[in-house]
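Colleague: Here you go, this is my_file-v6.csv (CSV, C-alpha atoms).
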```
chain,number,residue,atom,x,y,z
O,17,MET,CA,110.6,80.9,123.6
O,18,LYS,CA,113.4,83.3,123.2
O,19,LYS,CA,115.4,80.8,121.1
O,20,PHE,CA,112.4,79.9,119.0
O,21,SER,CA,111.6,83.6,118.3
O,22,ALA,CA,115.2,84.3,117.2
O,23,VAL,CA,115.3,81.2,114.9
O,24,PHE,CA,112.0,81.8,113.3
O,25,SER,CA,112.7,85.5,112.8
O,26,ARG,CA,116.1,84.7,111.4
O,27,PHE,CA,114.7,82.3,108.7
O,28,PHE,CA,111.6,84.4,107.9
O,29,VAL,CA,113.5,87.6,107.4
O,30,GLY,CA,116.5,86.0,105.7
O,31,LEU,CA,114.5,84.1,103.2
O,32,LEU,CA,112.2,87.0,102.4
O,33,PHE,CA,115.1,89.3,101.8
O,34,VAL,CA,116.9,86.8,99.6
O,35,PHE,CA,113.6,86.2,97.6
O,36,SER,CA,112.9,89.9,97.3
O,37,GLY,CA,116.5,90.6,96.1
O,38,LEU,CA,116.5,87.8,93.6
O,39,ILE,CA,113.1,88.8,92.1
O,40,LYS,CA,114.3,92.3,91.5
O,41,ALA,CA,117.8,91.3,90.4
O,42,ASN,CA,116.0,89.2,87.7
O,43,ASP,CA,115.0,92.5,86.1
O,44,PRO,CA,117.2,95.4,87.4
O,45,ILE,CA,116.2,97.7,84.5
O,46,GLY,CA,112.5,97.3,85.5
O,47,PHE,CA,113.4,98.1,89.2
O,48,GLY,CA,115.4,101.1,87.9
O,49,TYR,CA,112.2,102.4,86.2
O,50,LYS,CA,110.4,102.1,89.5
O,51,LEU,CA,113.2,104.0,91.3
O,52,GLN,CA,112.9,106.8,88.8
O,53,GLU,CA,109.3,107.2,89.9
O,54,TYR,CA,110.5,107.8,93.5
O,55,PHE,CA,113.2,110.2,92.2
O,56,GLU,CA,110.4,112.1,90.5
O,57,VAL,CA,108.3,112.3,93.7
O,58,PHE,CA,111.3,113.5,95.8
O,59,HIS,CA,112.5,115.9,93.1
O,60,ILE,CA,115.9,114.2,92.8
O,61,THR,CA,115.7,113.3,89.1
O,62,PHE,CA,119.5,113.9,88.8
O,63,PHE,CA,119.7,110.3,90.0
O,64,ASN,CA,117.8,109.0,86.9
O,65,ASP,CA,120.9,108.2,84.9
O,66,TYR,CA,122.1,106.0,87.8
O,67,ALA,CA,118.8,104.3,88.5
O,68,THR,CA,119.8,100.9,87.1
O,69,ALA,CA,123.1,100.9,88.9
O,70,ILE,CA,121.4,101.8,92.2
O,71,ALA,CA,118.8,99.1,91.5
O,72,ILE,CA,121.6,96.5,91.0
O,73,PHE,CA,123.3,97.7,94.3
O,74,LEU,CA,120.0,97.5,96.3
O,75,CYS,CA,119.1,94.0,94.9
O,76,GLY,CA,122.6,92.7,95.7
O,77,LEU,CA,122.5,94.2,99.2
O,78,GLU,CA,119.2,92.5,100.0
O,79,ILE,CA,120.5,89.2,98.8
O,80,ILE,CA,123.8,89.6,100.8
O,81,LEU,CA,122.0,90.7,104.0
O,82,GLY,CA,119.4,87.9,103.8
O,83,ALA,CA,121.9,85.1,103.0
O,84,ALA,CA,124.4,86.4,105.6
O,85,LEU,CA,121.5,86.3,108.2
O,86,LEU,CA,120.6,82.8,107.3
O,87,LEU,CA,124.2,81.7,107.6
O,88,GLY,CA,124.7,83.8,110.8
O,89,LEU,CA,127.7,85.6,109.4
O,90,PHE,CA,128.7,88.9,111.0
O,91,ALA,CA,125.3,88.9,112.8
O,92,ARG,CA,125.6,92.3,114.5
O,93,GLN,CA,126.6,94.2,111.4
O,94,VAL,CA,124.0,92.4,109.3
O,95,ILE,CA,121.1,93.1,111.7
O,96,TRP,CA,122.0,96.8,111.8
O,97,GLY,CA,122.1,96.8,108.0
O,98,LEU,CA,118.7,95.1,107.9
O,99,LEU,CA,117.2,97.5,110.4
O,100,GLY,CA,118.4,100.5,108.5
O,101,LEU,CA,117.2,99.1,105.2
O,102,ILE,CA,113.7,98.2,106.5
O,103,VAL,CA,113.3,101.6,108.2
O,104,PHE,CA,114.1,103.3,104.9
O,105,PHE,CA,111.7,101.0,102.9
O,106,THR,CA,108.9,101.5,105.5
O,107,PHE,CA,109.2,105.2,105.1
O,108,LEU,CA,109.0,105.0,101.3
O,109,THR,CA,106.0,102.6,101.2
O,110,PHE,CA,104.1,104.7,103.8
O,111,TYR,CA,104.8,107.9,101.9
O,112,SER,CA,103.7,106.2,98.6
O,113,ALA,CA,100.5,104.9,100.2
O,114,PHE,CA,99.5,108.0,102.2
O,115,PHE,CA,100.2,110.5,99.5
O,116,GLU,CA,99.2,108.1,96.6
O,117,VAL,CA,102.3,109.1,94.6
O,118,VAL,CA,103.6,105.7,93.5
O,119,THR,CA,100.9,103.1,92.7
O,120,SER,CA,103.2,100.0,93.1
O,121,CYS,CA,106.3,99.9,95.2
O,122,GLY,CA,108.1,97.2,93.1
O,123,CYS,CA,109.1,95.3,96.2
O,124,PHE,CA,108.8,91.9,94.4
O,125,GLY,CA,109.2,93.3,90.9
O,126,ASP,CA,106.5,92.4,88.4
O,127,ALA,CA,106.2,88.9,89.8
O,128,ILE,CA,104.0,89.8,92.7
O,129,PRO,CA,102.5,93.3,92.3
O,130,LEU,CA,101.6,94.9,95.7
O,131,THR,CA,99.6,98.0,96.4
O,132,PRO,CA,101.4,100.7,98.5
O,133,TRP,CA,99.3,99.9,101.6
O,134,GLN,CA,100.1,96.1,101.1
O,135,SER,CA,103.8,97.0,100.8
O,136,PHE,CA,103.6,99.2,103.9
O,137,GLY,CA,102.0,96.3,105.9
O,138,LYS,CA,104.6,93.9,104.7
O,139,ASP,CA,107.4,96.3,105.8
O,140,LEU,CA,105.8,96.7,109.2
O,141,ILE,CA,105.8,92.9,109.7
O,142,LEU,CA,109.4,92.7,108.6
O,143,LEU,CA,110.3,95.6,110.9
O,144,ALA,CA,108.7,93.7,113.8
O,145,PHE,CA,110.7,90.5,113.1
O,146,ILE,CA,114.0,92.5,112.6
O,147,LEU,CA,113.4,94.2,116.0
O,148,ILE,CA,113.1,90.7,117.5
O,149,LEU,CA,116.4,89.8,115.9
O,150,PHE,CA,118.0,93.0,117.2
O,151,ILE,CA,116.8,92.1,120.8
O,152,TYR,CA,118.0,88.5,120.6
O,153,ARG,CA,121.0,89.0,118.3
O,154,ARG,CA,123.2,87.1,120.7
O,155,GLU,CA,121.2,84.0,120.0
O,156,ILE,CA,122.3,84.0,116.3
O,157,LYS,CA,125.1,81.5,115.9
O,158,PRO,CA,127.2,81.5,112.6
O,159,VAL,CA,127.7,78.3,110.6
O,160,VAL,CA,131.5,78.9,110.9
O,161,ASP,CA,133.0,80.5,114.0
O,162,ARG,CA,136.3,82.0,112.8
O,163,GLN,CA,135.9,85.5,111.3
O,164,ALA,CA,138.4,84.7,108.6
O,165,MET,CA,136.2,81.8,107.5
O,166,GLN,CA,133.2,84.0,107.6
O,167,ALA,CA,134.9,86.6,105.4
O,168,ALA,CA,135.9,83.8,103.0
O,169,VAL,CA,132.2,82.9,102.7
O,170,VAL,CA,131.0,86.5,102.3
O,171,GLY,CA,133.4,87.2,99.4
O,172,PRO,CA,131.8,84.8,96.9
O,173,LEU,CA,128.4,85.7,98.2
O,174,VAL,CA,129.0,89.4,97.4
O,175,LEU,CA,130.2,88.5,93.9
O,176,ILE,CA,127.3,86.2,93.2
O,177,SER,CA,124.7,88.7,94.6
O,178,PHE,CA,125.9,91.6,92.5
O,179,GLY,CA,126.7,89.4,89.6
O,180,ILE,CA,123.1,88.3,89.1
O,181,GLY,CA,121.9,91.9,88.5
O,182,VAL,CA,124.9,92.7,86.3
O,183,PHE,CA,124.3,89.6,84.2
O,184,THR,CA,120.5,90.2,83.6
O,185,TYR,CA,121.3,93.9,82.8
O,186,PHE,CA,123.6,92.8,80.0
O,187,ASN,CA,121.2,90.1,78.8
O,188,LEU,CA,117.5,89.7,79.6
O,189,PRO,CA,115.7,88.5,82.7
O,190,PHE,CA,115.9,84.8,83.5
O,191,ILE,CA,112.1,84.8,84.0
O,192,ASP,CA,109.9,87.2,82.1
O,193,PHE,CA,107.0,88.3,84.3
O,194,LEU,CA,105.8,90.9,81.8
O,195,PRO,CA,102.8,90.4,79.4
O,196,TYR,CA,105.1,90.4,76.3
O,197,LYS,CA,106.9,87.2,77.3
O,198,VAL,CA,107.7,84.5,74.8
O,199,GLY,CA,104.6,82.6,73.8
O,200,ALA,CA,102.2,85.5,74.6
O,201,ASN,CA,99.6,86.3,72.0
O,202,ILE,CA,99.3,90.1,72.2
O,203,PRO,CA,95.9,90.5,70.6
O,204,ALA,CA,94.4,88.1,73.1
O,205,LEU,CA,96.0,90.0,76.0
O,206,MET,CA,94.5,93.3,74.7
O,207,THR,CA,90.9,91.9,74.5
O,208,ILE,CA,88.2,92.3,77.1
O,209,PRO,CA,86.1,89.1,76.9
O,210,PRO,CA,82.3,89.3,76.6
O,211,GLY,CA,80.5,89.5,79.9
O,212,ALA,CA,83.7,90.5,81.8
O,213,PRO,CA,83.0,92.5,85.0
O,214,GLN,CA,83.0,96.2,84.5
O,215,ASP,CA,84.3,98.9,86.8
O,216,GLU,CA,81.7,99.8,89.5
O,217,TYR,CA,81.5,103.4,90.7
O,218,GLU,CA,79.7,105.0,93.7
O,219,ILE,CA,78.2,108.4,93.0
O,220,THR,CA,77.8,110.8,95.9
O,221,TYR,CA,75.5,113.8,95.7
O,222,HIS,CA,75.5,116.9,97.8
O,223,LEU,CA,71.9,117.8,98.6
O,224,LYS,CA,70.5,121.0,100.1
O,225,ASN,CA,66.9,121.5,101.3
O,226,LYS,CA,65.6,124.8,99.8
O,227,GLN,CA,63.0,125.2,102.6
O,228,THR,CA,65.1,124.4,105.8
O,229,GLY,CA,68.6,125.0,104.4
O,230,ALA,CA,69.7,121.6,105.7
O,231,GLU,CA,72.5,119.9,103.7
O,232,GLN,CA,73.6,116.2,103.4
O,233,ASP,CA,75.7,113.9,101.3
O,234,MET,CA,74.1,110.8,99.9
O,235,THR,CA,75.2,108.0,97.6
O,236,ASP,CA,73.3,107.2,94.4
O,237,LYS,CA,71.9,104.0,95.9
O,238,GLU,CA,70.6,105.8,99.0
O,239,TYR,CA,69.2,108.5,96.8
O,240,LEU,CA,67.1,106.0,94.8
O,241,LYS,CA,66.2,103.9,97.8
O,242,GLN,CA,64.9,106.7,99.9
O,243,GLU,CA,63.2,108.3,96.9
O,244,ILE,CA,64.3,111.7,98.1
O,245,TRP,CA,64.1,112.9,94.5
O,246,LYS,CA,60.3,113.0,94.9
O,247,ASP,CA,60.7,115.8,97.4
O,248,ALA,CA,61.0,119.0,95.4
O,249,ASN,CA,62.6,120.8,98.3
O,250,TRP,CA,65.8,118.8,98.0
O,251,GLU,CA,68.1,119.7,95.1
O,252,ILE,CA,71.5,118.6,94.1
O,253,GLU,CA,74.3,121.2,94.5
O,254,GLY,CA,77.5,121.1,92.5
O,255,GLU,CA,78.9,118.2,90.5
O,256,PRO,CA,78.4,114.7,91.9
O,257,GLU,CA,81.6,112.9,93.1
O,258,SER,CA,82.4,109.6,91.5
O,259,LYS,CA,84.5,106.9,93.3
O,260,LEU,CA,85.7,103.6,92.0
O,261,VAL,CA,84.5,100.9,94.5
O,262,LYS,CA,85.2,97.7,92.5
O,263,LYS,CA,87.7,97.2,89.7
O,264,GLY,CA,86.4,95.4,86.7
O,265,PHE,CA,88.3,93.2,84.3
O,266,GLU,CA,91.5,94.8,83.0
O,267,PRO,CA,93.4,93.4,80.0
O,268,LYS,CA,97.0,92.7,80.7
O,269,ILE,CA,98.0,94.9,77.7
O,270,LYS,CA,96.0,98.1,77.6
O,271,ASP,CA,98.4,100.8,76.5
O,272,LEU,CA,99.8,99.4,73.2
O,273,LYS,CA,99.2,101.6,70.2
O,274,LEU,CA,101.4,101.6,67.1
O,275,VAL,CA,101.1,104.4,64.6
O,276,ASP,CA,102.8,105.0,61.2
O,277,ALA,CA,104.6,108.2,60.1
O,278,SER,CA,101.3,109.8,59.2
O,279,GLY,CA,99.8,109.1,62.6
O,280,GLN,CA,97.5,106.3,61.5
O,281,ASP,CA,96.8,103.5,64.0
O,282,VAL,CA,98.2,100.3,62.6
O,283,THR,CA,98.3,98.2,65.7
O,284,GLN,CA,95.8,95.5,64.6
O,285,ALA,CA,97.1,95.5,61.0
O,286,LEU,CA,100.6,94.7,62.2
O,287,LEU,CA,99.5,92.1,64.8
O,288,GLN,CA,97.2,90.3,62.4
O,289,LYS,CA,99.7,90.3,59.5
O,290,PRO,CA,100.3,86.6,58.4
O,291,GLY,CA,103.8,85.1,58.7
O,292,TYR,CA,106.9,86.2,60.6
O,293,GLN,CA,108.0,89.7,61.4
O,294,LEU,CA,111.0,91.1,63.2
O,295,TRP,CA,110.3,93.9,65.5
O,296,LEU,CA,113.3,96.0,66.4
O,297,LEU,CA,112.5,98.0,69.5
O,298,ALA,CA,114.4,101.2,70.5
O,299,TYR,CA,112.3,103.4,72.8
O,300,ASP,CA,115.0,106.0,72.7
O,301,LEU,CA,117.0,106.2,69.4
O,302,ASN,CA,119.4,108.8,70.7
O,303,ALA,CA,120.4,106.6,73.6
O,304,SER,CA,120.4,103.3,71.7
O,305,ASN,CA,123.5,101.3,70.8
O,306,ARG,CA,124.4,102.4,67.3
O,307,GLU,CA,126.9,99.5,66.7
O,308,ALA,CA,124.1,97.1,67.5
O,309,PHE,CA,121.9,98.4,64.7
O,310,SER,CA,124.7,97.9,62.2
O,311,ARG,CA,125.3,94.3,63.4
O,312,ILE,CA,121.6,93.4,63.5
O,313,SER,CA,121.0,94.8,60.1
O,314,THR,CA,123.0,92.0,58.5
O,315,THR,CA,120.7,89.4,59.9
O,316,VAL,CA,117.5,91.2,59.2
O,317,ILE,CA,118.4,92.1,55.6
O,318,LYS,CA,119.2,88.4,54.9
O,319,SER,CA,115.9,87.4,56.6
O,320,ALA,CA,114.0,89.8,54.3
O,321,VAL,CA,115.8,88.7,51.1
O,322,ARG,CA,115.8,85.0,51.7
O,323,ASN,CA,112.6,84.4,53.7
O,324,GLY,CA,110.5,87.6,53.0
O,325,ILE,CA,110.4,88.5,56.7
O,326,PRO,CA,109.9,92.2,57.1
O,327,THR,CA,111.6,94.2,59.9
O,328,LEU,CA,109.8,97.0,61.7
O,329,ILE,CA,111.5,99.5,63.9
O,330,LEU,CA,109.3,100.6,66.8
O,331,THR,CA,110.4,103.7,68.7
O,332,ALA,CA,109.1,106.5,71.0
O,333,SER,CA,111.5,108.9,69.5
O,334,SER,CA,110.5,111.6,67.0
O,335,PRO,CA,110.3,111.0,63.2
O,336,THR,CA,113.3,113.4,62.9
O,337,ALA,CA,115.4,111.1,65.0
O,338,ALA,CA,114.2,108.1,62.9
O,339,GLU,CA,115.2,109.8,59.7
O,340,GLU,CA,118.7,110.7,61.1
O,341,LEU,CA,119.2,107.0,62.0
O,342,LYS,CA,118.1,105.8,58.6
O,343,THR,CA,120.6,108.3,56.9
O,344,GLU,CA,123.4,107.3,59.3
O,345,LEU,CA,122.9,103.5,58.7
O,346,LYS,CA,121.8,103.8,55.1
O,347,TRP,CA,119.1,101.3,56.0
O,348,ASN,CA,115.7,101.7,54.4
O,349,ALA,CA,113.7,100.3,57.3
O,350,VAL,CA,110.1,101.2,58.1
O,351,PHE,CA,109.6,103.1,61.4
O,352,TYR,CA,106.5,102.9,63.6
O,353,TYR,CA,105.8,104.9,66.7
O,354,ALA,CA,104.5,104.0,70.2
O,355,ASP,CA,104.6,105.2,73.8
O,356,ALA,CA,107.9,104.4,75.6
O,357,ILE,CA,106.2,102.5,78.4
O,358,PRO,CA,105.0,99.5,76.4
O,359,LEU,CA,108.2,99.4,74.4
O,360,LYS,CA,110.2,99.2,77.6
O,361,SER,CA,107.9,96.4,78.8
O,362,MET,CA,108.3,94.4,75.5
O,363,VAL,CA,112.1,93.9,75.9
O,364,ARG,CA,114.6,95.2,78.5
O,365,ALA,CA,117.1,96.5,75.9
O,366,ASN,CA,117.6,99.5,73.7
O,367,PRO,CA,117.5,98.2,71.1
O,368,GLY,CA,115.9,94.8,71.6
O,369,ILE,CA,114.3,92.4,69.1
O,370,LEU,CA,111.1,90.4,69.0
O,371,LEU,CA,110.4,87.6,66.5
O,372,MET,CA,106.6,87.8,65.9
O,373,LYS,CA,104.2,85.5,64.1
O,374,GLU,CA,100.6,86.7,63.7
O,375,GLY,CA,100.6,88.6,67.0
O,376,THR,CA,102.4,85.9,69.1
O,377,VAL,CA,105.9,86.5,70.5
O,378,VAL,CA,108.0,83.6,69.2
O,379,GLN,CA,111.3,84.8,70.8
O,380,LYS,CA,113.0,87.9,72.0
O,381,TRP,CA,116.6,89.0,72.3
O,382,HIS,CA,118.9,91.6,73.8
O,383,TYR,CA,120.9,93.3,71.1
O,384,ARG,CA,124.0,91.7,72.7
O,385,ASN,CA,122.9,88.2,71.9
O,386,PHE,CA,120.9,88.5,68.7
O,387,PRO,CA,121.6,85.4,66.6
O,388,THR,CA,123.1,85.3,63.2
O,389,TYR,CA,120.9,84.7,60.2
O,390,GLN,CA,121.9,81.0,60.1
O,391,ASP,CA,120.9,80.4,63.7
O,392,LEU,CA,117.7,82.4,63.4
O,393,ALA,CA,116.6,80.5,60.3
O,394,LYS,CA,117.6,77.1,61.6
O,395,LYS,CA,116.0,77.4,65.1
O,396,TYR,CA,112.8,79.3,64.3
O,397,ILE,CA,112.0,80.2,60.7
O,398,GLN,CA,112.7,77.0,58.8
O,399,GLN,CA,111.2,74.5,61.3
```
Can you turn what I pasted into structure tokens?
Modeller:
Amino acid sequence: MKKFSAVFSRFFVGLLFVFSGLIKANDPIGFGYKLQEYFEVFHITFFNDYATAIAIFLCGLEIILGAALLLGLFARQVIWGLLGLIVFFTFLTFYSAFFEVVTSCGCFGDAIPLTPWQSFGKDLILLAFILILFIYRREIKPVVDRQAMQAAVVGPLVLISFGIGVFTYFNLPFIDFLPYKVGANIPALMTIPPGAPQDEYEITYHLKNKQTGAEQDMTDKEYLKQEIWKDANWEIEGEPESKLVKKGFEPKIKDLKLVDASGQDVTQALLQKPGYQLWLLAYDLNASNREAFSRISTTVIKSAVRNGIPTLILTASSPTAAEELKTELKWNAVFYYADAIPLKSMVRANPGILLMKEGTVVQKWHYRNFPTYQDLAKKYIQQ
């Protein structure tokens, strides 16, 4: 029984840590955004500039510890590391759930969204299995006995684990779990279908009997069922409390609104416009890569001249910042404005590029690997 418990716990914890680390390393920028939420809660926002670097480190650490556990390498040190990490994560998820400060922990990135209480429950289970490993740590046998050989295995493991997060940071996620992935039709994902379930709320009234002075709380259903409203002695005091009891249908994209320089909503007009469009997204113009704009402009200008493909620049920055960029680049592009959150979800780059066709995402690029005009036309436009 002791050996079985140790073996099962080893594989369960190891695989889960590797999976969790890989999922987040697939999108370290997204995980960094989640860390910034925690920094805000604990008033340590001076870490915001390092959020992505911390995210890459934590993802790599999870992969290393999980893989090392599976291989039985440096078992004592690995189990201590796992124990420290899970105690830290358990505290965070409990704090988030109890105080309702972060709505999703980001434990498995955007691939498997978990509520804070689900995350806390998951961490408690992991903590229990890691404690079993701690008790039976002598039962964990390495795949190679000599410490020199173990170190030789750990070296490449460390490079690969951190390398995944670094690669996806400088490019784009291997797998896009966000609603703006390639092939997604944005208008369809913004639509609530007819007959879709609506949010259901429970209304609670605070009642007081004018004759006896008795008080009680009662839901709207009980209020109607008991027909207490027929008794003139009972009256409602204060404002009724409303509580969401069942979530209705929620579109995958619910926060996208594009406006022009005059503040007019042009979201549907841009999404329904026939033909191709290039959307150049830079949620923060001041922090964007200026050299990338110059390099990209060559391709987009040729696309406009030779194929009539317009380029739109979408940003959350101010019109003043947009005008400064236009003057600097001497590029007469049209700017539109949106909230930073959907822009960050569209593409994990600043700037990033989307090739759109009538509301559908045809392709997306990080500014580091945006194609030349010839490749763009050959692979997508002139098919």
Colleague: For His382 in chain O, which residue among O:Ala298, O:Val23, O:Val170, O:Leu240 is the nearest when counting only C-alpha atoms?
Modeller: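 The answer is O:Ala298, which sits nearest to His382 in chain O.
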Colleague: Nearest residue to Glu218 in chain O out of O:Asp355, O:Glu56, O:Glu238, O:Asp161, using all atoms listed in the file?
Modeller: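 Of the candidates, the smallest distance to Glu218 in chain O is held by O:Glu238.
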Colleague: Just how far from CA of Pro209 in chain O is CA of Arg364 in chain O, in Å to one decimal?
Modeller: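 Spanning CA of Arg364 in chain O to CA of Pro209 in chain O is a straight-line distance of 29.2 Å.
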Colleague: Choose the residue, out of O:Val282, O:Gly181, O:Cys123, O:Leu142, that has the smallest atom-to-atom separation from Ala71 in chain O; count all atoms listed in the file.
Modeller: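 For Ala71 in chain O, the nearest of the candidates is O:Gly181.
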Colleague: List as a PyMOL selection string the protein and nucleic acid residues near range 319-322 of chain O, meaning an atom at most 12 Å away when all atoms listed in the file are counted, but skip any in the same chain fewer than 3 places from it.
Modeller: chain O and resi 292-294+312-316+325-328+349+371+387-394+396-398
Colleague: Write to file, as an mmCIF file, in the coordinates of the input, the residues of the selection just made, with C-alpha atoms.
Modeller:
```cif
data_model
loop_
_atom_site.group_PDB
_atom_site.id
_atom_site.type_symbol
_atom_site.label_atom_id
_atom_site.label_comp_id
_atom_site.auth_asym_id
_atom_site.auth_seq_id
_atom_site.Cartn_x
_atom_site.Cartn_y
_atom_site.Cartn_z
ATOM 1 C CA TYR O 292 106.900 86.200 60.600
ATOM 2 C CA GLN O 293 108.000 89.700 61.400
ATOM 3 C CA LEU O 294 111.000 91.100 63.200
ATOM 4 C CA ILE O 312 121.600 93.400 63.500
ATOM 5 C CA SER O 313 121.000 94.800 60.100
ATOM 6 C CA THR O 314 123.000 92.000 58.500
ATOM 7 C CA THR O 315 120.700 89.400 59.900
ATOM 8 C CA VAL O 316 117.500 91.200 59.200
ATOM 9 C CA ILE O 325 110.400 88.500 56.700
ATOM 10 C CA PRO O 326 109.900 92.200 57.100
ATOM 11 C CA THR O 327 111.600 94.200 59.900
ATOM 12 C CA LEU O 328 109.800 97.000 61.700
ATOM 13 C CA ALA O 349 113.700 100.300 57.300
ATOM 14 C CA LEU O 371 110.400 87.600 66.500
ATOM 15 C CA PRO O 387 121.600 85.400 66.600
ATOM 16 C CA THR O 388 123.100 85.300 63.200
ATOM 17 C CA TYR O 389 120.900 84.700 60.200
ATOM 18 C CA GLN O 390 121.900 81.000 60.100
ATOM 19 C CA ASP O 391 120.900 80.400 63.700
ATOM 20 C CA LEU O 392 117.700 82.400 63.400
ATOM 21 C CA ALA O 393 116.600 80.500 60.300
ATOM 22 C CA LYS O 394 117.600 77.100 61.600
ATOM 23 C CA TYR O 396 112.800 79.300 64.300
ATOM 24 C CA ILE O 397 112.000 80.200 60.700
ATOM 25 C CA GLN O 398 112.700 77.000 58.800
#
```
Colleague: What is the CA of Lys318 in chain O-CA of Val350 in chain O distance in Å, reported with one decimal?
Modeller: 16.0 Å
Colleague: May I ask which of the residues O:Pro335, O:Lys40, O:Pro290, O:Glu307 is the closest one to Ser278 in chain O, counting only C-alpha atoms?
Modeller: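 Among the listed residues, the smallest separation from Ser278 in chain O belongs to O:Pro335.
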Colleague: Would you list the contacts of Val34 in chain O as a PyMOL selection string, taking every protein, DNA or RNA residue within 8 Å and counting only C-alpha atoms, but skipping same-chain residues closer than 5 positions in sequence?
Modeller: chain O and resi 78-83
Colleague: Nearest to Ile176 in chain O among O:Ala332, O:Ile219, O:Leu38, O:Leu99, with distances taken over only C-alpha atoms: which residue is it?
Modeller: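 Of O:Ala332, O:Ile219, O:Leu38, O:Leu99, the one nearest Ile176 in chain O, counting only C-alpha atoms, is O:Leu38.
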Colleague: Looking at all atoms listed in the file, which of O:Val377, O:Leu108, O:Leu274, O:Ala204 is the one that sits closest to Ile329 in chain O?
Modeller: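 Closest to Ile329 in chain O of all the choices is O:Leu274.
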Colleague: What does the distance between CA of Gly211 in chain O and CA of Thr376 in chain O come to in Å, to one decimal place?
Modeller: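 Atom-to-atom, CA of Gly211 in chain O to CA of Thr376 in chain O, that is 24.7 Å.
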Colleague: Compute the distance from (117.4, 85.0, 116.6) to each atom, counting all atoms listed in the file, keep the residues with any atom at most 9 Å away, and return them as a list in words; use the coordinates of the file.
Modeller: Lys18, Lys19, Phe20, Ser21, Ala22, Val23, Phe24, Ser25, Arg26, Phe27, Ile148, Leu149, Phe150, Ile151, Tyr152, Arg153, Arg154, Glu155, Ile156 and Lys157 of chain O
Colleague: Set the distance at 8 Å and use only C-alpha atoms: which residues neighbour Pro213 in chain O once local chain neighbours fewer than 2 positions away are removed? I'd like the list as a short mmCIF file (atom, residue, chain, number, x, y, z; two decimals) with C-alpha atoms, in the coordinates of the input.
Modeller:
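Heads up, here's the output in out.cif:
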```cif
data_model
loop_
_atom_site.label_atom_id
_atom_site.label_comp_id
_atom_site.auth_asym_id
_atom_site.auth_seq_id
_atom_site.Cartn_x
_atom_site.Cartn_y
_atom_site.Cartn_z
CA GLY O 211 80.50 89.50 79.90
CA ASP O 215 84.30 98.90 86.80
CA GLY O 264 86.40 95.40 86.70
CA PHE O 265 88.30 93.20 84.30
#
```
Colleague: Please provide the set of residues having any atom within 9 Å of Ala67 in chain O, restricted to only C-alpha atoms, with same-chain residues fewer than 5 positions apart removed, written as JSON, numbers by chain.
Modeller: {"O": [45, 47, 48, 49, 50, 51, 52, 55, 72]}
Colleague: Which neighbours of Gly171 in chain O fall inside 12 Å, counting only C-alpha atoms, when residues of the same chain fewer than 6 positions from it are skipped, and could you give them as a ChimeraX atom specification?
Modeller: /O:80,84,89,164-165,177-178
Colleague: How would range 304-315 of chain O read, as a compact mmCIF listing (two decimals), in the frame of the given file, once N, CA and C atoms are built in?
Modeller:
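In the end it all went to out-v2.txt:
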```
# COMPACT_ATOMS: atom_id res chain seq x y z
N SER O 304 120.27 104.70 72.09
CA SER O 304 120.40 103.30 71.70
C SER O 304 121.85 103.01 71.22
N ASN O 305 122.18 101.74 71.20
CA ASN O 305 123.50 101.30 70.80
C ASN O 305 123.60 101.28 69.28
N ARG O 306 124.35 102.22 68.71
CA ARG O 306 124.40 102.40 67.30
C ARG O 306 125.12 101.16 66.61
N GLU O 307 126.17 100.65 67.25
CA GLU O 307 126.90 99.50 66.70
C GLU O 307 125.97 98.31 66.58
N ALA O 308 125.04 98.19 67.53
CA ALA O 308 124.10 97.10 67.50
C ALA O 308 123.21 97.12 66.27
N PHE O 309 122.77 98.31 65.91
CA PHE O 309 121.90 98.40 64.70
C PHE O 309 122.68 97.94 63.47
N SER O 310 123.93 98.32 63.36
CA SER O 310 124.70 97.90 62.20
C SER O 310 124.86 96.38 62.17
N ARG O 311 125.14 95.80 63.33
CA ARG O 311 125.30 94.30 63.40
C ARG O 311 124.04 93.59 63.14
N ILE O 312 122.95 94.09 63.69
CA ILE O 312 121.60 93.40 63.50
C ILE O 312 121.17 93.53 62.08
N SER O 313 121.50 94.62 61.42
CA SER O 313 121.00 94.80 60.10
C SER O 313 121.42 93.70 59.12
N THR O 314 122.58 93.11 59.35
CA THR O 314 123.00 92.00 58.50
C THR O 314 122.06 90.84 58.55
N THR O 315 121.65 90.49 59.76
CA THR O 315 120.70 89.40 59.90
C THR O 315 119.34 89.70 59.36
```
